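Report on the following structure.
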Number of protein chains: 2
Amino acid sequence: MPKLWNETIEEHRRAVRETVLETTAVLVTERGLRSVTMSKIAEESGIGRATLYKYFPDVESIMTAWHEEQIAGHLRVLAALRDGPGGAGERLRAVLEAYAFIQQRRHGHGPELGALLHQGEHVAGAEQHLHRFLRELLAEGAQSGDIRDDVSPDELATYCLHALAAAGALPSKAAVHRLVTVTVTGLGPATG
Amino acid sequence: MPKLWNETIEEHRRAVRETVLETTAVLVTERGLRSVTMSKIAEESGIGRATLYKYFPDVESIMTAWHEEQIAGHLRVLAALRDGPGGAGERLRAVLEAYAFIQQRRHGHGPELGALLHQGEHVAGAEQHLHRFLRELLAEGAQSGDIRDDVSPDELATYCLHALAAAGALPSKAAVHRLVTVTVTGLGPATG
C-alpha cells in the first residue's frame with residue numbers, strides 16, 4: 001500500500017510539472033517572456049501560486065526546463081532516424097533533414113526567448129551530443145562509401161551543423177529540402 | 001593657401017583618427033574591453049584626453065568605428081577577388097576561401113567583444129551587402145555551368161554564409177581549406 005501511494009504521488013507530481021511546462025510555453029509564445037508572471041502561470045495551470053513555487057522559483061527556470069525537454073525529445077527523434085532502416089547515406093539524410101526542420105522551427109522563438117534559452121549549459125551539452133552523434137554516423141558513411149573520406153567525420157559534422165543552421169533563414173519547407181540536398185552534396189564521395 | 005591649409009588639417013584629423021583606432025584595437029585585444037579607459041587610449045595615442053573626446057564619446061564607439069573600417073577592408077578584398085582573372089567558378093572559390101579565413105580570424109575577438117561589435121547596424125548592412133555580392137557571383141556561375149542551377153543563387157548564398165561560419169570552430173588553415181572544398185562541392189552542378 002505505501003508503495004502504491006508513493007507511485008501515485010510521483011505520477012501526480014509529473015503531471016503537474018508537465019502541465020506547468022506546457023502552459024508556460026504557450027503563454028510565453030503568445031505574450032512574450034516579460035509579460036508572463038508566476039501568478040498567471042499558476043492560474044492557467046489550475047494550481048495555487050504557493051504550489052507552483054514548490055516546483056519552480058521563476059518563469060525563466062520553467063522555460064529552461066521546458067527547453068530541456070524539447071531538446072531531449074529532438075535527440076530521441078534523431079536517434080530513432082539514425083537507428084531506422086536503410087543504408088548509412090539514407091539514414092544520414094533523414095537525420096539531417098529532421099535537424100534542419102528543427103532549426104527552422106527554433107527560429108520562431110524570437111530573439112528575446114532565443115537568447116534566454118540558448119545561454120543555458122544544457123544547450124552546450126546538447127550541441128556536443130549532436131556533434132558526436134553526427135560524427136559517428138558520418139564515420140559509418142565514410143566506411144560504406146556513401147560519404148567522402150578525404151575530410152574527417154569531425155570536420156564534416158561541424159560543416160553540417162553550420163550549413164543546416166541556414167534553415168532558420170529560409171521561408172518554406174521546400175527551401176529547407178533544397179538546403180539539405182545542397183549540404184548532402186557537399187558530403188558526397190570525391191569524384192573525378 | 002586656405003585650401004592647402006584645410007587639406008593639411010583634414011589629413012591631420014584622419015591621421016589622429018587612424019592612430020586612435022589602431023591603438024584602441026591593440027589595447028582592447030590585449031586587455032579586454034572593460035579594462036581600457038579613454039585616458040589610457042589618449043596616453044597611448046600620444047594625444048590629450050580632451051582632444052580624444054572631440055573625436056569619440058567612448059571606448060565602444062571607437063571599437064565600432066574600428067570594426068566598420070575592418071569590414072570595409074574585407075569587402076574591398078572580396079570585391080578584388082571577384083573582379084580578378086579566371087572563370088566564375090575559380091573566382092567564387094577565391095572569394096569563399098577569403099571569407100572563410102575572415103570568419104576564422106573573427107572568432108579571435110572573444111565573446112565579449114564579439115557581442116559588442118556584432119550588435120551594430122553596420123554589421124547587418126555588411127551581411128546584406130555580402131549576401132547580394134555572393135548571389136550575383138553564384139548567378140554568374142549558374143549561367144556558365146560552374147554552379148548548380150536547381151537551387152536559386154539566393155538560397156545558395158545563404159547556404160555558403162552559414163556553412164563557412166564553421167571556420168570559426170576550426171583550428172587550422174588546412175581545416176579551413178577542407179571546409180571550403182566541402183562547401184564548394186555542395187554548389188557543384190547536379191550530376192547523375
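The chains in the C-alpha cells are called A, B, ... from first to last as shown; in each chain the residues are counted from 1, and the ligands are counted from 1 in the order shown.
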
Go through chain A and flag each residue having an atom no more than 10 Å from chain B; for those, report the closest pair of atoms plus their distance in Å to one decimal, using only C-alpha atoms, ordered by chain and rising number, as JSON lines.
{"residue": "A:Arg148", "atom": "CA", "partner": "B:Val182", "partner_atom": "CA", "distance": 9.2}
{"residue": "A:Asp150", "atom": "CA", "partner": "B:Arg178", "partner_atom": "CA", "distance": 8.6}
{"residue": "A:Val151", "atom": "CA", "partner": "B:Arg178", "partner_atom": "CA", "distance": 6.7}
{"residue": "A:Ser152", "atom": "CA", "partner": "B:Arg178", "partner_atom": "CA", "distance": 9.5}
{"residue": "A:Glu155", "atom": "CA", "partner": "B:Leu179", "partner_atom": "CA", "distance": 7.5}
{"residue": "A:Leu156", "atom": "CA", "partner": "B:Leu179", "partner_atom": "CA", "distance": 7.9}
{"residue": "A:Ala157", "atom": "CA", "partner": "B:Ala166", "partner_atom": "CA", "distance": 9.9}
{"residue": "A:Thr158", "atom": "CA", "partner": "B:Ala166", "partner_atom": "CA", "distance": 6.2}
{"residue": "A:Tyr159", "atom": "CA", "partner": "B:Ala163", "partner_atom": "CA", "distance": 5.8}
{"residue": "A:Cys160", "atom": "CA", "partner": "B:Ala163", "partner_atom": "CA", "distance": 7.4}
{"residue": "A:Leu161", "atom": "CA", "partner": "B:Ala163", "partner_atom": "CA", "distance": 8.1}
{"residue": "A:His162", "atom": "CA", "partner": "B:Ala163", "partner_atom": "CA", "distance": 5.0}
{"residue": "A:Ala163", "atom": "CA", "partner": "B:Ala163", "partner_atom": "CA", "distance": 3.9}
{"residue": "A:Leu164", "atom": "CA", "partner": "B:His162", "partner_atom": "CA", "distance": 7.6}
{"residue": "A:Ala165", "atom": "CA", "partner": "B:His162", "partner_atom": "CA", "distance": 6.6}
{"residue": "A:Ala166", "atom": "CA", "partner": "B:His162", "partner_atom": "CA", "distance": 5.6}
{"residue": "A:Ala167", "atom": "CA", "partner": "B:Tyr159", "partner_atom": "CA", "distance": 8.6}
{"residue": "A:Ala169", "atom": "CA", "partner": "B:Thr158", "partner_atom": "CA", "distance": 7.7}
{"residue": "A:Leu170", "atom": "CA", "partner": "B:Glu155", "partner_atom": "CA", "distance": 7.9}
{"residue": "A:Ala175", "atom": "CA", "partner": "B:Glu155", "partner_atom": "CA", "distance": 7.6}
{"residue": "A:Val176", "atom": "CA", "partner": "B:Glu155", "partner_atom": "CA", "distance": 9.5}
{"residue": "A:Arg178", "atom": "CA", "partner": "B:Val151", "partner_atom": "CA", "distance": 6.7}
{"residue": "A:Leu179", "atom": "CA", "partner": "B:Tyr159", "partner_atom": "CA", "distance": 6.9}
{"residue": "A:Val180", "atom": "CA", "partner": "B:Tyr159", "partner_atom": "CA", "distance": 9.6}
{"residue": "A:Thr181", "atom": "CA", "partner": "B:Gly186", "partner_atom": "CA", "distance": 8.2}
{"residue": "A:Val182", "atom": "CA", "partner": "B:Gly186", "partner_atom": "CA", "distance": 4.9}
{"residue": "A:Thr183", "atom": "CA", "partner": "B:Gly186", "partner_atom": "CA", "distance": 5.7}
{"residue": "A:Val184", "atom": "CA", "partner": "B:Gly186", "partner_atom": "CA", "distance": 7.1}
{"residue": "A:Thr185", "atom": "CA", "partner": "B:Gly186", "partner_atom": "CA", "distance": 4.7}
{"residue": "A:Gly186", "atom": "CA", "partner": "B:Gly186", "partner_atom": "CA", "distance": 3.8}
{"residue": "A:Leu187", "atom": "CA", "partner": "B:Val182", "partner_atom": "CA", "distance": 6.6}
{"residue": "A:Gly188", "atom": "CA", "partner": "B:Thr185", "partner_atom": "CA", "distance": 8.0}
{"residue": "A:Pro189", "atom": "CA", "partner": "B:Thr185", "partner_atom": "CA", "distance": 9.8}
{"residue": "A:Ala190", "atom": "CA", "partner": "B:Thr185", "partner_atom": "CA", "distance": 8.7}
{"residue": "A:Thr191", "atom": "CA", "partner": "B:Thr185", "partner_atom": "CA", "distance": 9.8}

If you count only C-alpha atoms, which residues fall within 12 Å of B:Leu116, apart from same-chain ones fewer than 2 positions away, as an MDAnalysis selection string?
chainID B and resid 32:34 59:65 67 109:114 118:123

Report as a PyMOL selection string all protein, DNA and RNA residues lying within 8 Å of B:Arg135, evaluated on only C-alpha atoms, omitting residues in the same chain fewer than 3 positions from it.
chain B and resi 131-132+138-139+153-154+156-157

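The closest residue to A:Leu117, picked from A:Glu18, A:Gln70, A:Ser39, A:Asn6 and counting only C-alpha atoms, is A:Gln70.
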
Just to confirm, what's the straight-line distance from atom CA of B:Leu21 to atom CA of B:Trp66 in Å (one decimal)?
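One can read the atom CA of B:Leu21 to atom CA of B:Trp66 distance as 5.4 Å.
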
Where in stretch 21-149 of chain B does DSSP assign helix (DSSP H, G or I), given as an NGL selection string?
:B and (21-31 or 33-35 or 38-45 or 49-55 or 59-82 or 88-109 or 111-118 or 121-144)

Using the selection just defined, write its residues with C-alpha atoms as a CSV table (one decimal), in the first residue's frame.
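The result, written out as selection37.csv:
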chain,number,residue,atom,x,y,z
B,21,LEU,CA,41.5,53.3,-33.9
B,22,GLU,CA,44.6,51.2,-34.1
B,23,THR,CA,45.8,52.0,-30.6
B,24,THR,CA,42.4,51.1,-29.1
B,25,ALA,CA,42.1,47.9,-31.1
B,26,VAL,CA,45.5,46.7,-29.8
B,27,LEU,CA,44.7,47.7,-26.2
B,28,VAL,CA,41.3,46.0,-26.2
B,29,THR,CA,42.7,42.9,-27.8
B,30,GLU,CA,45.5,42.7,-25.2
B,31,ARG,CA,43.5,43.7,-22.1
B,33,LEU,CA,37.1,45.8,-23.4
B,34,ARG,CA,36.4,46.6,-19.7
B,35,SER,CA,40.0,47.3,-18.8
B,38,MET,CA,39.6,56.8,-22.6
B,39,SER,CA,42.6,58.2,-20.6
B,40,LYS,CA,44.7,55.2,-21.4
B,41,ILE,CA,43.8,55.4,-25.1
B,42,ALA,CA,44.7,59.2,-25.1
B,43,GLU,CA,48.0,58.4,-23.4
B,44,GLU,CA,49.0,55.6,-25.8
B,45,SER,CA,47.9,57.5,-28.8
B,49,ARG,CA,42.3,63.4,-23.3
B,50,ALA,CA,40.2,66.5,-24.3
B,51,THR,CA,41.3,66.1,-27.9
B,52,LEU,CA,40.3,62.4,-27.9
B,53,TYR,CA,36.7,63.3,-26.7
B,54,LYS,CA,36.4,65.7,-29.7
B,55,TYR,CA,36.8,62.6,-31.9
B,59,VAL,CA,35.6,53.3,-26.0
B,60,GLU,CA,32.6,51.4,-27.5
B,61,SER,CA,32.2,54.0,-30.3
B,62,ILE,CA,36.0,53.8,-31.1
B,63,MET,CA,35.7,50.0,-31.4
B,64,THR,CA,32.6,50.2,-33.6
B,65,ALA,CA,34.4,52.7,-35.9
B,66,TRP,CA,37.4,50.4,-36.0
B,67,HIS,CA,35.1,47.4,-36.8
B,68,GLU,CA,33.4,49.4,-39.6
B,69,GLU,CA,36.8,50.0,-41.2
B,70,GLN,CA,37.8,46.3,-40.8
B,71,ILE,CA,34.6,45.2,-42.6
B,72,ALA,CA,35.0,47.8,-45.4
B,73,GLY,CA,38.5,46.5,-45.9
B,74,HIS,CA,37.3,42.9,-46.0
B,75,LEU,CA,34.6,43.8,-48.6
B,76,ARG,CA,37.3,45.5,-50.7
B,77,VAL,CA,39.4,42.4,-50.7
B,78,LEU,CA,36.4,40.2,-51.6
B,79,ALA,CA,35.5,42.5,-54.4
B,80,ALA,CA,39.0,42.5,-55.8
B,81,LEU,CA,39.0,38.6,-55.9
B,82,ARG,CA,35.6,38.6,-57.6
B,88,ALA,CA,33.2,32.3,-62.3
B,89,GLY,CA,33.9,29.0,-60.5
B,90,GLU,CA,37.5,29.9,-59.8
B,91,ARG,CA,36.7,33.4,-58.6
B,92,LEU,CA,33.9,32.1,-56.4
B,93,ARG,CA,36.2,29.7,-54.8
B,94,ALA,CA,38.7,32.5,-54.1
B,95,VAL,CA,36.0,34.7,-52.6
B,96,LEU,CA,34.7,31.9,-50.4
B,97,GLU,CA,38.1,31.0,-49.2
B,98,ALA,CA,39.0,34.6,-48.3
B,99,TYR,CA,35.6,34.9,-46.5
B,100,ALA,CA,36.2,31.6,-44.5
B,101,PHE,CA,39.6,32.9,-43.3
B,102,ILE,CA,38.0,36.2,-42.2
B,103,GLN,CA,35.5,34.1,-40.2
B,104,GLN,CA,38.3,32.1,-38.6
B,105,ARG,CA,40.2,35.3,-37.5
B,106,ARG,CA,37.0,37.0,-36.4
B,107,HIS,CA,36.4,34.2,-33.9
B,108,GLY,CA,39.5,35.5,-32.1
B,109,HIS,CA,37.5,38.6,-30.9
B,111,PRO,CA,32.6,36.6,-26.8
B,112,GLU,CA,32.5,40.0,-25.0
B,113,LEU,CA,34.0,42.0,-27.9
B,114,GLY,CA,32.1,39.9,-30.4
B,115,ALA,CA,28.8,40.7,-28.8
B,116,LEU,CA,29.6,44.5,-28.8
B,117,LEU,CA,30.8,44.5,-32.4
B,118,HIS,CA,28.1,42.3,-33.9
B,121,GLU,CA,23.6,48.2,-37.5
B,122,HIS,CA,26.7,48.4,-39.7
B,123,VAL,CA,27.1,44.6,-39.4
B,124,ALA,CA,23.6,43.9,-40.6
B,125,GLY,CA,24.3,46.2,-43.6
B,126,ALA,CA,27.6,44.4,-44.3
B,127,GLU,CA,25.9,41.0,-44.2
B,128,GLN,CA,23.2,42.1,-46.6
B,129,HIS,CA,25.9,43.5,-48.9
B,130,LEU,CA,27.9,40.3,-48.8
B,131,HIS,CA,24.8,38.2,-49.4
B,132,ARG,CA,23.9,40.2,-52.5
B,133,PHE,CA,27.5,40.1,-53.7
B,134,LEU,CA,27.6,36.3,-53.4
B,135,ARG,CA,24.2,35.9,-55.0
B,136,GLU,CA,25.4,37.8,-58.1
B,137,LEU,CA,28.6,35.7,-58.4
B,138,LEU,CA,26.6,32.5,-57.9
B,139,ALA,CA,24.1,33.6,-60.6
B,140,GLU,CA,27.0,34.2,-63.0
B,141,GLY,CA,28.4,30.7,-62.1
B,142,ALA,CA,25.0,29.1,-62.8
B,143,GLN,CA,24.9,30.7,-66.2
B,144,SER,CA,28.4,29.5,-67.0
